[in-house]
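J.: For reference, this is start-v8.txt, and it has compact mmCIF, N, CA, C and O atoms.
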# COMPACT_ATOMS: atom_id res chain seq x y z
N MET R 17 -0.83 -1.06 15.28
CA MET R 17 -1.39 -1.09 13.95
C MET R 17 -2.79 -1.67 14.05
O MET R 17 -3.02 -2.64 14.74
N VAL R 18 -3.71 -1.06 13.35
CA VAL R 18 -5.11 -1.45 13.41
C VAL R 18 -5.45 -2.27 12.17
O VAL R 18 -5.27 -1.81 11.05
N LEU R 19 -5.92 -3.50 12.37
CA LEU R 19 -6.35 -4.36 11.27
C LEU R 19 -7.83 -4.12 11.04
O LEU R 19 -8.65 -4.38 11.92
N LEU R 20 -8.17 -3.63 9.83
CA LEU R 20 -9.54 -3.26 9.52
C LEU R 20 -10.12 -4.15 8.42
O LEU R 20 -9.38 -4.82 7.71
N GLU R 21 -11.43 -4.10 8.28
CA GLU R 21 -12.09 -4.73 7.14
C GLU R 21 -11.78 -3.91 5.89
O GLU R 21 -11.37 -2.76 5.99
N ASN R 22 -12.01 -4.49 4.72
CA ASN R 22 -11.64 -3.82 3.47
C ASN R 22 -12.34 -2.48 3.28
O ASN R 22 -11.70 -1.48 2.92
N ASP R 23 -13.64 -2.42 3.50
CA ASP R 23 -14.38 -1.17 3.29
C ASP R 23 -13.97 -0.09 4.28
O ASP R 23 -13.81 1.08 3.91
N SER R 24 -13.80 -0.46 5.54
CA SER R 24 -13.39 0.52 6.54
C SER R 24 -11.94 0.97 6.31
O SER R 24 -11.58 2.11 6.59
N PHE R 25 -11.10 0.07 5.75
CA PHE R 25 -9.73 0.44 5.40
C PHE R 25 -9.73 1.53 4.33
O PHE R 25 -9.01 2.52 4.44
N LEU R 26 -10.56 1.36 3.30
CA LEU R 26 -10.64 2.36 2.24
C LEU R 26 -11.16 3.69 2.77
O LEU R 26 -10.69 4.76 2.35
N THR R 27 -12.10 3.65 3.70
CA THR R 27 -12.62 4.87 4.30
C THR R 27 -11.53 5.59 5.10
O THR R 27 -11.36 6.81 4.98
N GLU R 28 -10.79 4.84 5.90
CA GLU R 28 -9.71 5.44 6.69
C GLU R 28 -8.57 5.93 5.79
O GLU R 28 -7.94 6.96 6.09
N LEU R 29 -8.32 5.22 4.69
CA LEU R 29 -7.29 5.65 3.75
C LEU R 29 -7.68 6.98 3.10
O LEU R 29 -6.84 7.86 2.91
N THR R 30 -8.95 7.15 2.81
CA THR R 30 -9.45 8.42 2.29
C THR R 30 -9.21 9.54 3.29
O THR R 30 -8.78 10.64 2.92
N ARG R 31 -9.47 9.27 4.56
CA ARG R 31 -9.22 10.27 5.60
C ARG R 31 -7.74 10.62 5.70
O ARG R 31 -7.37 11.79 5.91
N LEU R 32 -6.87 9.60 5.58
CA LEU R 32 -5.43 9.86 5.62
C LEU R 32 -5.00 10.75 4.45
O LEU R 32 -4.21 11.68 4.62
N PHE R 33 -5.51 10.46 3.26
CA PHE R 33 -5.19 11.28 2.09
C PHE R 33 -5.66 12.72 2.27
O PHE R 33 -4.94 13.65 1.94
N GLN R 34 -6.84 12.90 2.79
CA GLN R 34 -7.37 14.25 2.99
C GLN R 34 -6.57 15.01 4.05
O GLN R 34 -6.34 16.21 3.93
N LYS R 35 -6.16 14.30 5.09
CA LYS R 35 -5.39 14.94 6.15
C LYS R 35 -4.00 15.37 5.66
O LYS R 35 -3.49 16.41 6.07
N CYS R 36 -3.41 14.60 4.77
CA CYS R 36 -2.06 14.88 4.28
C CYS R 36 -2.05 15.62 2.95
O CYS R 36 -1.02 15.68 2.29
N ARG R 37 -3.18 16.16 2.54
CA ARG R 37 -3.27 16.83 1.24
C ARG R 37 -2.36 18.05 1.16
O ARG R 37 -1.61 18.24 0.21
N SER R 38 -2.38 18.91 2.18
CA SER R 38 -1.59 20.14 2.14
C SER R 38 -0.12 19.88 2.44
O SER R 38 0.76 20.42 1.78
N SER R 39 0.17 19.07 3.43
CA SER R 39 1.56 18.75 3.74
C SER R 39 1.61 17.35 4.34
O SER R 39 0.68 16.91 5.02
N GLY R 40 2.69 16.67 4.08
CA GLY R 40 2.86 15.32 4.57
C GLY R 40 2.73 14.30 3.47
O GLY R 40 2.52 14.64 2.30
N SER R 41 2.87 13.03 3.82
CA SER R 41 2.78 11.97 2.83
C SER R 41 2.15 10.74 3.46
O SER R 41 2.13 10.57 4.68
N VAL R 42 1.65 9.88 2.59
CA VAL R 42 1.06 8.60 3.00
C VAL R 42 1.89 7.50 2.37
O VAL R 42 2.14 7.52 1.16
N VAL R 43 2.33 6.56 3.18
CA VAL R 43 3.13 5.44 2.70
C VAL R 43 2.24 4.20 2.67
O VAL R 43 1.61 3.86 3.68
N ILE R 44 2.20 3.54 1.51
CA ILE R 44 1.38 2.33 1.34
C ILE R 44 2.28 1.18 0.94
O ILE R 44 3.11 1.32 0.05
N THR R 45 2.13 0.05 1.63
CA THR R 45 2.90 -1.14 1.29
C THR R 45 1.96 -2.31 1.05
O THR R 45 0.92 -2.43 1.70
N LEU R 46 2.36 -3.17 0.11
CA LEU R 46 1.62 -4.38 -0.21
C LEU R 46 2.55 -5.56 -0.02
O LEU R 46 3.73 -5.50 -0.36
N LYS R 47 2.01 -6.66 0.50
CA LYS R 47 2.85 -7.80 0.81
C LYS R 47 2.02 -9.08 0.76
O LYS R 47 0.85 -9.07 1.13
N LYS R 48 2.62 -10.15 0.28
CA LYS R 48 1.94 -11.44 0.31
C LYS R 48 1.80 -11.88 1.76
O LYS R 48 2.74 -11.76 2.55
N TYR R 49 0.63 -12.39 2.10
CA TYR R 49 0.34 -12.74 3.49
C TYR R 49 -0.18 -14.17 3.52
O TYR R 49 -1.13 -14.51 2.83
N ASP R 50 0.46 -15.02 4.31
CA ASP R 50 0.05 -16.42 4.38
C ASP R 50 -0.72 -16.76 5.66
O ASP R 50 -1.04 -17.92 5.90
N GLY R 51 -1.02 -15.78 6.47
CA GLY R 51 -1.81 -16.02 7.67
C GLY R 51 -0.99 -16.25 8.92
O GLY R 51 -1.55 -16.39 10.01
N ARG R 52 0.31 -16.26 8.81
CA ARG R 52 1.15 -16.48 9.99
C ARG R 52 1.24 -15.21 10.82
O ARG R 52 1.34 -14.11 10.28
N THR R 53 1.23 -15.38 12.12
CA THR R 53 1.45 -14.25 13.01
C THR R 53 2.76 -14.39 13.75
O THR R 53 3.19 -13.47 14.43
N LYS R 54 3.41 -15.55 13.60
CA LYS R 54 4.70 -15.79 14.23
C LYS R 54 5.75 -15.99 13.14
O LYS R 54 5.42 -16.37 12.02
N PRO R 55 7.02 -15.76 13.45
CA PRO R 55 8.06 -15.93 12.44
C PRO R 55 8.21 -17.39 12.01
O PRO R 55 7.80 -18.31 12.71
N VAL R 56 8.84 -17.58 10.85
CA VAL R 56 9.06 -18.92 10.31
C VAL R 56 10.07 -19.64 11.20
O VAL R 56 11.10 -19.07 11.59
N PRO R 57 9.82 -20.90 11.57
CA PRO R 57 10.77 -21.63 12.42
C PRO R 57 12.08 -21.91 11.69
O PRO R 57 12.13 -21.90 10.47
N ARG R 58 13.12 -22.20 12.47
CA ARG R 58 14.43 -22.47 11.90
C ARG R 58 14.46 -23.81 11.20
O ARG R 58 13.54 -24.61 11.31
N LYS R 59 15.56 -24.07 10.48
CA LYS R 59 15.66 -25.28 9.68
C LYS R 59 15.62 -26.56 10.52
O LYS R 59 15.18 -27.60 10.07
N GLY R 60 16.09 -26.51 11.74
CA GLY R 60 16.13 -27.68 12.60
C GLY R 60 14.75 -28.20 12.96
O GLY R 60 14.54 -29.40 13.15
N HIS R 61 13.78 -27.32 13.04
CA HIS R 61 12.42 -27.72 13.37
C HIS R 61 11.65 -27.99 12.09
O HIS R 61 11.67 -27.20 11.16
N SER R 62 10.98 -29.12 12.05
CA SER R 62 10.20 -29.44 10.85
C SER R 62 8.71 -29.23 11.14
O SER R 62 8.02 -30.10 11.65
N GLU R 63 8.26 -28.04 10.84
CA GLU R 63 6.85 -27.71 11.01
C GLU R 63 6.34 -27.22 9.66
O GLU R 63 6.74 -26.18 9.17
N SER R 64 5.50 -28.01 9.04
CA SER R 64 4.99 -27.61 7.73
C SER R 64 3.71 -26.82 7.90
O SER R 64 2.81 -27.18 8.66
N PHE R 65 3.65 -25.72 7.20
CA PHE R 65 2.48 -24.84 7.26
C PHE R 65 2.07 -24.54 5.84
O PHE R 65 2.82 -23.97 5.07
N GLU R 66 0.89 -24.94 5.46
CA GLU R 66 0.36 -24.68 4.12
C GLU R 66 -0.82 -23.71 4.25
O GLU R 66 -1.81 -24.03 4.89
N PRO R 67 -0.72 -22.54 3.65
CA PRO R 67 -1.84 -21.60 3.71
C PRO R 67 -3.02 -22.12 2.90
O PRO R 67 -2.85 -22.80 1.89
N ALA R 68 -4.22 -21.79 3.36
CA ALA R 68 -5.42 -22.23 2.66
C ALA R 68 -5.56 -21.54 1.31
O ALA R 68 -5.89 -22.18 0.32
N ASP R 69 -5.32 -20.25 1.26
CA ASP R 69 -5.34 -19.51 0.01
C ASP R 69 -4.40 -18.31 0.11
O ASP R 69 -3.94 -17.96 1.19
N ASN R 70 -4.10 -17.72 -1.02
CA ASN R 70 -3.20 -16.56 -1.03
C ASN R 70 -3.96 -15.32 -0.60
O ASN R 70 -5.10 -15.11 -0.98
N LYS R 71 -3.29 -14.52 0.20
CA LYS R 71 -3.87 -13.27 0.69
C LYS R 71 -2.85 -12.16 0.49
O LYS R 71 -1.66 -12.41 0.30
N CYS R 72 -3.32 -10.93 0.58
CA CYS R 72 -2.46 -9.77 0.42
C CYS R 72 -2.65 -8.86 1.64
O CYS R 72 -3.78 -8.52 1.98
N LEU R 73 -1.55 -8.49 2.27
CA LEU R 73 -1.58 -7.57 3.41
C LEU R 73 -1.26 -6.18 2.90
O LEU R 73 -0.24 -5.97 2.25
N ILE R 74 -2.14 -5.24 3.16
CA ILE R 74 -1.96 -3.86 2.72
C ILE R 74 -1.89 -2.97 3.94
O ILE R 74 -2.76 -3.02 4.80
N ARG R 75 -0.81 -2.18 4.02
CA ARG R 75 -0.61 -1.28 5.14
C ARG R 75 -0.51 0.14 4.63
O ARG R 75 0.01 0.39 3.55
N ALA R 76 -1.00 1.07 5.43
CA ALA R 76 -0.89 2.49 5.11
C ALA R 76 -0.55 3.25 6.38
O ALA R 76 -1.03 2.92 7.46
N SER R 77 0.29 4.27 6.23
CA SER R 77 0.71 5.05 7.39
C SER R 77 1.01 6.48 6.96
O SER R 77 1.50 6.71 5.85
N ASP R 78 0.71 7.42 7.85
CA ASP R 78 1.09 8.80 7.61
C ASP R 78 2.19 9.24 8.57
O ASP R 78 2.47 10.41 8.71
N GLY R 79 2.79 8.31 9.25
CA GLY R 79 3.83 8.62 10.22
C GLY R 79 3.32 8.58 11.64
O GLY R 79 4.04 8.24 12.56
N LYS R 80 2.05 8.88 11.83
CA LYS R 80 1.44 8.86 13.16
C LYS R 80 0.43 7.73 13.29
O LYS R 80 0.41 7.02 14.28
N LYS R 81 -0.41 7.60 12.30
CA LYS R 81 -1.48 6.61 12.34
C LYS R 81 -1.19 5.50 11.34
O LYS R 81 -0.81 5.76 10.19
N LYS R 82 -1.34 4.24 11.78
CA LYS R 82 -1.10 3.09 10.92
C LYS R 82 -2.38 2.28 10.80
O LYS R 82 -3.04 2.00 11.81
N ILE R 83 -2.72 1.89 9.57
CA ILE R 83 -3.88 1.04 9.34
C ILE R 83 -3.47 -0.09 8.41
O ILE R 83 -2.49 0.03 7.66
N SER R 84 -4.20 -1.19 8.45
CA SER R 84 -3.89 -2.32 7.59
C SER R 84 -5.15 -3.14 7.33
O SER R 84 -6.13 -3.04 8.06
N THR R 85 -5.08 -3.96 6.28
CA THR R 85 -6.16 -4.87 5.95
C THR R 85 -5.59 -6.08 5.24
O THR R 85 -4.48 -6.03 4.69
N VAL R 86 -6.35 -7.17 5.26
CA VAL R 86 -5.97 -8.39 4.55
C VAL R 86 -7.04 -8.65 3.50
O VAL R 86 -8.22 -8.73 3.81
N VAL R 87 -6.59 -8.79 2.24
CA VAL R 87 -7.51 -9.01 1.13
C VAL R 87 -7.33 -10.44 0.65
O VAL R 87 -6.22 -10.85 0.30
N SER R 88 -8.43 -11.20 0.63
CA SER R 88 -8.36 -12.58 0.15
C SER R 88 -8.52 -12.62 -1.35
O SER R 88 -8.90 -11.63 -1.99
N THR R 89 -8.25 -13.77 -1.95
CA THR R 89 -8.31 -13.89 -3.40
C THR R 89 -9.72 -13.68 -3.95
O THR R 89 -9.89 -13.23 -5.07
N LYS R 90 -10.72 -13.98 -3.16
CA LYS R 90 -12.10 -13.80 -3.60
C LYS R 90 -12.48 -12.33 -3.73
O LYS R 90 -13.33 -11.97 -4.54
N GLU R 91 -11.87 -11.49 -2.93
CA GLU R 91 -12.24 -10.08 -2.87
C GLU R 91 -11.27 -9.16 -3.61
O GLU R 91 -11.43 -7.94 -3.57
N VAL R 92 -10.29 -9.73 -4.31
CA VAL R 92 -9.24 -8.91 -4.91
C VAL R 92 -9.78 -7.96 -5.98
O VAL R 92 -9.45 -6.77 -5.98
N ILE R 93 -10.60 -8.44 -6.88
CA ILE R 93 -11.09 -7.62 -7.97
C ILE R 93 -11.91 -6.44 -7.46
O ILE R 93 -11.71 -5.29 -7.86
N LYS R 94 -12.82 -6.72 -6.53
CA LYS R 94 -13.66 -5.66 -5.95
C LYS R 94 -12.80 -4.63 -5.22
O LYS R 94 -12.98 -3.42 -5.38
N PHE R 95 -11.84 -5.11 -4.42
CA PHE R 95 -10.98 -4.21 -3.66
C PHE R 95 -10.09 -3.39 -4.60
O PHE R 95 -9.90 -2.20 -4.39
N GLN R 96 -9.55 -4.02 -5.62
CA GLN R 96 -8.65 -3.32 -6.54
C GLN R 96 -9.37 -2.20 -7.28
O GLN R 96 -8.80 -1.13 -7.47
N MET R 97 -10.60 -2.44 -7.68
CA MET R 97 -11.35 -1.40 -8.38
C MET R 97 -11.60 -0.20 -7.44
O MET R 97 -11.39 0.96 -7.83
N ALA R 98 -12.01 -0.46 -6.22
CA ALA R 98 -12.26 0.62 -5.26
C ALA R 98 -10.95 1.33 -4.89
O ALA R 98 -10.91 2.57 -4.79
N TYR R 99 -9.87 0.58 -4.73
CA TYR R 99 -8.56 1.12 -4.38
C TYR R 99 -8.01 2.00 -5.50
O TYR R 99 -7.49 3.09 -5.25
N SER R 100 -8.13 1.55 -6.75
CA SER R 100 -7.62 2.34 -7.87
C SER R 100 -8.41 3.63 -8.04
O SER R 100 -7.84 4.68 -8.35
N ASN R 101 -9.72 3.59 -7.83
CA ASN R 101 -10.53 4.81 -7.91
C ASN R 101 -10.12 5.80 -6.82
O ASN R 101 -10.07 7.01 -7.05
N LEU R 102 -9.84 5.27 -5.64
CA LEU R 102 -9.40 6.11 -4.52
C LEU R 102 -8.05 6.77 -4.83
O LEU R 102 -7.87 7.97 -4.60
N LEU R 103 -7.12 6.00 -5.39
CA LEU R 103 -5.81 6.56 -5.73
C LEU R 103 -5.92 7.62 -6.81
O LEU R 103 -5.27 8.67 -6.74
N ARG R 104 -6.73 7.36 -7.83
CA ARG R 104 -6.91 8.35 -8.90
C ARG R 104 -7.49 9.65 -8.37
O ARG R 104 -7.13 10.73 -8.82
N ALA R 105 -8.40 9.54 -7.43
CA ALA R 105 -9.04 10.74 -6.88
C ALA R 105 -8.08 11.59 -6.06
O ALA R 105 -8.23 12.81 -5.99
N HIS R 106 -7.08 10.96 -5.44
CA HIS R 106 -6.18 11.69 -4.54
C HIS R 106 -4.77 11.87 -5.08
O HIS R 106 -3.88 12.28 -4.35
N MET R 107 -4.55 11.61 -6.36
CA MET R 107 -3.22 11.79 -6.94
C MET R 107 -3.00 13.19 -7.50
O MET R 107 -1.98 13.45 -8.11
N ASP R 108 -3.93 14.10 -7.33
CA ASP R 108 -3.80 15.42 -7.92
C ASP R 108 -2.86 16.34 -7.14
O ASP R 108 -2.47 17.38 -7.64
N GLY R 109 -2.45 15.99 -5.97
CA GLY R 109 -1.58 16.84 -5.16
C GLY R 109 -0.10 16.60 -5.38
O GLY R 109 0.73 17.12 -4.66
N LEU R 110 0.26 15.81 -6.39
CA LEU R 110 1.66 15.50 -6.64
C LEU R 110 2.39 16.70 -7.24
O LEU R 110 1.81 17.48 -7.98
N LYS R 111 3.66 16.82 -6.92
CA LYS R 111 4.47 17.90 -7.48
C LYS R 111 5.00 17.45 -8.83
O LYS R 111 5.38 16.30 -9.02
N LYS R 112 5.05 18.40 -9.78
CA LYS R 112 5.56 18.09 -11.11
C LYS R 112 7.08 18.10 -11.08
O LYS R 112 7.71 18.90 -10.38
N LYS R 113 7.66 17.22 -11.87
CA LYS R 113 9.10 17.12 -11.96
C LYS R 113 9.64 18.27 -12.82
O LYS R 113 9.06 18.61 -13.84
N ASP R 114 10.75 18.86 -12.40
CA ASP R 114 11.36 19.96 -13.15
C ASP R 114 11.96 19.43 -14.44
O ASP R 114 12.71 18.44 -14.42
N LYS R 115 11.65 20.09 -15.55
CA LYS R 115 12.21 19.69 -16.84
C LYS R 115 13.44 20.54 -17.12
O LYS R 115 13.43 21.76 -16.95
N LYS R 116 14.48 19.89 -17.54
CA LYS R 116 15.71 20.61 -17.87
C LYS R 116 15.66 20.99 -19.35
O LYS R 116 15.17 20.25 -20.17
N SER R 117 16.21 22.13 -19.67
CA SER R 117 16.18 22.59 -21.06
C SER R 117 17.17 21.79 -21.90
O SER R 117 18.17 21.25 -21.41
N LYS R 118 16.91 21.73 -23.21
CA LYS R 118 17.77 20.95 -24.12
C LYS R 118 19.14 21.58 -24.26
O LYS R 118 20.13 20.88 -24.45
N SER R 119 19.23 22.90 -24.18
CA SER R 119 20.52 23.56 -24.37
C SER R 119 21.49 23.18 -23.24
O SER R 119 22.67 22.96 -23.50
N LYS R 120 21.03 23.07 -22.04
CA LYS R 120 21.90 22.66 -20.93
C LYS R 120 22.32 21.21 -21.10
O LYS R 120 23.44 20.83 -20.77
N LYS R 121 21.42 20.39 -21.62
CA LYS R 121 21.71 18.98 -21.80
C LYS R 121 22.78 18.77 -22.88
O LYS R 121 23.68 17.95 -22.72
N THR R 122 22.67 19.49 -23.97
CA THR R 122 23.63 19.32 -25.06
C THR R 122 25.01 19.83 -24.67
O THR R 122 26.02 19.26 -25.05
N LYS R 123 25.08 20.90 -23.89
CA LYS R 123 26.38 21.42 -23.45
C LYS R 123 27.06 20.44 -22.49
O LYS R 123 28.27 20.30 -22.50
N ALA R 124 26.28 19.77 -21.68
CA ALA R 124 26.85 18.83 -20.72
C ALA R 124 27.41 17.60 -21.41
O ALA R 124 28.39 17.01 -20.96
N THR R 125 26.81 17.17 -22.50
CA THR R 125 27.27 15.97 -23.18
C THR R 125 28.48 16.23 -24.05
O THR R 125 29.22 15.32 -24.38
N GLN R 126 28.74 17.47 -24.47
CA GLN R 126 29.89 17.76 -25.33
C GLN R 126 31.15 17.90 -24.58
O GLN R 126 31.52 17.94 -23.60
In C-alpha cells, what does this structure look like?

T.:
Amino acid sequence: MVLLENDSFLTELTRLFQKCRSSGSVVITLKKYDGRTKPVPRKGHSESFEPADNKCLIRASDGKKKISTVVSTKEVIKFQMAYSNLLRAHMDGLKKKDKKSKSKKTKATQ
C-alpha cells in the first residue's frame, strides 16, 4: 500500500475512477487514525499512548492498486471539499435501481 500526500492521493484516485469507469469498482474506506503502526498492547502491559491530534486514514483500492493518505484535523475542510467534488464528478457511472410496478406490489401484499 502506498501512503501518499493529500493532493497526490486525489490525483491517483481520479486515475482509479477513470480506469474503472467502464468496468470494475473502486473501494474507499475511512478510519480514525491515531498514528500507531503497531497493534495495541495487551492488558498486562501498561503502555499509555496519547495521540497528538485526531487524524483520518483514507484508503482506496481497485483490487490491484492500493493507495492511502492520512488527513490531519487542520487539513480536513480543504480535503473534504476537493474529495466531494471528485466524487460528484465520477458518480455518473452508477447503475439505476430497478423499480417494481405497483400492481406487482399490491398483489404480493394481499

J.: Let me make sure I understand: among R:Ser38, R:Asn101, R:Ser88, R:Thr27, which one has the smallest atom-to-atom distance to R:Ala76 if we use only C-alpha atoms?

T.: R:Thr27

J.: As a list in words, please: all residues of chain R that backbone DSSP puts in strand (DSSP E).

T.: Val18, Leu19, Leu20, Val43, Ile44, Thr45, Leu46, Lys47, Lys48, Tyr49, Lys71, Cys72, Leu73, Ile74, Arg75, Ala76, Ser77, Lys82, Ile83, Ser84, Thr85, Val86, Val87 and Ser88 of chain R

J.: From stretch 18-112 of chain R, collect each residue whose DSSP state is helix (DSSP H, G or I) and return the set as a PyMOL selection string.

T.: chain R and resi 22-35+89-109

J.: Quick one: pull the distance between atom CA of R:Lys54 and atom CA of R:Asn22, Å, one decimal.

T.: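 Spanning atom CA of R:Lys54 to atom CA of R:Asn22 is a straight-line distance of 22.9 Å.
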
J.: From the list R:Ala98, R:Met17, R:Leu29, R:Val42, which residue is nearest R:Lys82 when using all atoms listed in the file?

T.: R:Met17

J.: Hey, which of R:Cys72, R:Val56, R:Cys36, R:Val18 ends up closest to R:Lys90? Count only C-alpha atoms.

T.: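 Once distances to R:Lys90 are computed over only C-alpha atoms, the minimum belongs to R:Cys72.
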
J.: Please, could all heavy atoms be added to stretch 31-40 of chain R and the result written as a PDB file, keeping the file's coordinate frame?

T.:
ATOM      1  N   ARG R  31      -9.470   9.270   4.560  1.00  0.00           N
ATOM      2  CA  ARG R  31      -9.220  10.270   5.600  1.00  0.00           C
ATOM      3  C   ARG R  31      -7.740  10.620   5.700  1.00  0.00           C
ATOM      4  O   ARG R  31      -7.370  11.790   5.910  1.00  0.00           O
ATOM      5  CB  ARG R  31      -9.738   9.779   6.938  1.00  0.00           C
ATOM      6  CG  ARG R  31     -11.240   9.764   7.019  1.00  0.00           C
ATOM      7  CD  ARG R  31     -11.721   9.387   8.402  1.00  0.00           C
ATOM      8  NE  ARG R  31     -13.166   9.214   8.388  1.00  0.00           N
ATOM      9  CZ  ARG R  31     -13.802   8.276   9.044  1.00  0.00           C
ATOM     10  NH1 ARG R  31     -13.150   7.431   9.805  1.00  0.00           N
ATOM     11  NH2 ARG R  31     -15.109   8.185   8.964  1.00  0.00           N
ATOM     12  N   LEU R  32      -6.870   9.600   5.580  1.00  0.00           N
ATOM     13  CA  LEU R  32      -5.430   9.860   5.620  1.00  0.00           C
ATOM     14  C   LEU R  32      -5.000  10.750   4.450  1.00  0.00           C
ATOM     15  O   LEU R  32      -4.210  11.680   4.620  1.00  0.00           O
ATOM     16  CB  LEU R  32      -4.635   8.551   5.564  1.00  0.00           C
ATOM     17  CG  LEU R  32      -4.523   7.744   6.840  1.00  0.00           C
ATOM     18  CD1 LEU R  32      -3.744   6.460   6.579  1.00  0.00           C
ATOM     19  CD2 LEU R  32      -3.848   8.531   7.929  1.00  0.00           C
ATOM     20  N   PHE R  33      -5.510  10.460   3.260  1.00  0.00           N
ATOM     21  CA  PHE R  33      -5.190  11.280   2.090  1.00  0.00           C
ATOM     22  C   PHE R  33      -5.660  12.720   2.270  1.00  0.00           C
ATOM     23  O   PHE R  33      -4.940  13.650   1.940  1.00  0.00           O
ATOM     24  CB  PHE R  33      -5.795  10.695   0.818  1.00  0.00           C
ATOM     25  CG  PHE R  33      -4.985   9.581   0.207  1.00  0.00           C
ATOM     26  CD1 PHE R  33      -5.597   8.402  -0.166  1.00  0.00           C
ATOM     27  CD2 PHE R  33      -3.633   9.709   0.001  1.00  0.00           C
ATOM     28  CE1 PHE R  33      -4.872   7.374  -0.739  1.00  0.00           C
ATOM     29  CE2 PHE R  33      -2.889   8.696  -0.567  1.00  0.00           C
ATOM     30  CZ  PHE R  33      -3.509   7.523  -0.939  1.00  0.00           C
ATOM     31  N   GLN R  34      -6.840  12.900   2.790  1.00  0.00           N
ATOM     32  CA  GLN R  34      -7.370  14.250   2.990  1.00  0.00           C
ATOM     33  C   GLN R  34      -6.570  15.010   4.050  1.00  0.00           C
ATOM     34  O   GLN R  34      -6.340  16.210   3.930  1.00  0.00           O
ATOM     35  CB  GLN R  34      -8.851  14.194   3.365  1.00  0.00           C
ATOM     36  CG  GLN R  34      -9.727  13.769   2.214  1.00  0.00           C
ATOM     37  CD  GLN R  34     -11.162  13.527   2.635  1.00  0.00           C
ATOM     38  OE1 GLN R  34     -11.476  13.507   3.819  1.00  0.00           O
ATOM     39  NE2 GLN R  34     -12.034  13.323   1.651  1.00  0.00           N
ATOM     40  N   LYS R  35      -6.160  14.300   5.090  1.00  0.00           N
ATOM     41  CA  LYS R  35      -5.390  14.940   6.150  1.00  0.00           C
ATOM     42  C   LYS R  35      -4.000  15.370   5.660  1.00  0.00           C
ATOM     43  O   LYS R  35      -3.490  16.410   6.070  1.00  0.00           O
ATOM     44  CB  LYS R  35      -5.251  13.958   7.314  1.00  0.00           C
ATOM     45  CG  LYS R  35      -4.653  14.569   8.574  1.00  0.00           C
ATOM     46  CD  LYS R  35      -4.780  13.625   9.728  1.00  0.00           C
ATOM     47  CE  LYS R  35      -3.477  12.909   9.946  1.00  0.00           C
ATOM     48  NZ  LYS R  35      -3.460  12.063  11.127  1.00  0.00           N
ATOM     49  N   CYS R  36      -3.410  14.600   4.770  1.00  0.00           N
ATOM     50  CA  CYS R  36      -2.060  14.880   4.280  1.00  0.00           C
ATOM     51  C   CYS R  36      -2.050  15.620   2.950  1.00  0.00           C
ATOM     52  O   CYS R  36      -1.020  15.680   2.290  1.00  0.00           O
ATOM     53  CB  CYS R  36      -1.282  13.574   4.145  1.00  0.00           C
ATOM     54  SG  CYS R  36      -1.013  12.749   5.698  1.00  0.00           S
ATOM     55  N   ARG R  37      -3.180  16.160   2.540  1.00  0.00           N
ATOM     56  CA  ARG R  37      -3.270  16.830   1.240  1.00  0.00           C
ATOM     57  C   ARG R  37      -2.360  18.050   1.160  1.00  0.00           C
ATOM     58  O   ARG R  37      -1.610  18.240   0.210  1.00  0.00           O
ATOM     59  CB  ARG R  37      -4.693  17.241   0.931  1.00  0.00           C
ATOM     60  CG  ARG R  37      -4.861  17.873  -0.434  1.00  0.00           C
ATOM     61  CD  ARG R  37      -6.306  18.121  -0.768  1.00  0.00           C
ATOM     62  NE  ARG R  37      -7.036  16.916  -1.074  1.00  0.00           N
ATOM     63  CZ  ARG R  37      -7.069  16.331  -2.280  1.00  0.00           C
ATOM     64  NH1 ARG R  37      -6.380  16.851  -3.260  1.00  0.00           N
ATOM     65  NH2 ARG R  37      -7.781  15.255  -2.478  1.00  0.00           N
ATOM     66  N   SER R  38      -2.380  18.910   2.180  1.00  0.00           N
ATOM     67  CA  SER R  38      -1.590  20.140   2.140  1.00  0.00           C
ATOM     68  C   SER R  38      -0.120  19.880   2.440  1.00  0.00           C
ATOM     69  O   SER R  38       0.760  20.420   1.780  1.00  0.00           O
ATOM     70  CB  SER R  38      -2.149  21.158   3.113  1.00  0.00           C
ATOM     71  OG  SER R  38      -2.106  20.646   4.423  1.00  0.00           O
ATOM     72  N   SER R  39       0.170  19.070   3.430  1.00  0.00           N
ATOM     73  CA  SER R  39       1.560  18.750   3.740  1.00  0.00           C
ATOM     74  C   SER R  39       1.610  17.350   4.340  1.00  0.00           C
ATOM     75  O   SER R  39       0.680  16.910   5.020  1.00  0.00           O
ATOM     76  CB  SER R  39       2.146  19.754   4.723  1.00  0.00           C
ATOM     77  OG  SER R  39       1.476  19.651   5.964  1.00  0.00           O
ATOM     78  N   GLY R  40       2.690  16.670   4.080  1.00  0.00           N
ATOM     79  CA  GLY R  40       2.860  15.320   4.570  1.00  0.00           C
ATOM     80  C   GLY R  40       2.730  14.300   3.470  1.00  0.00           C
ATOM     81  O   GLY R  40       2.520  14.640   2.300  1.00  0.00           O
TER      82      GLY R  40
END
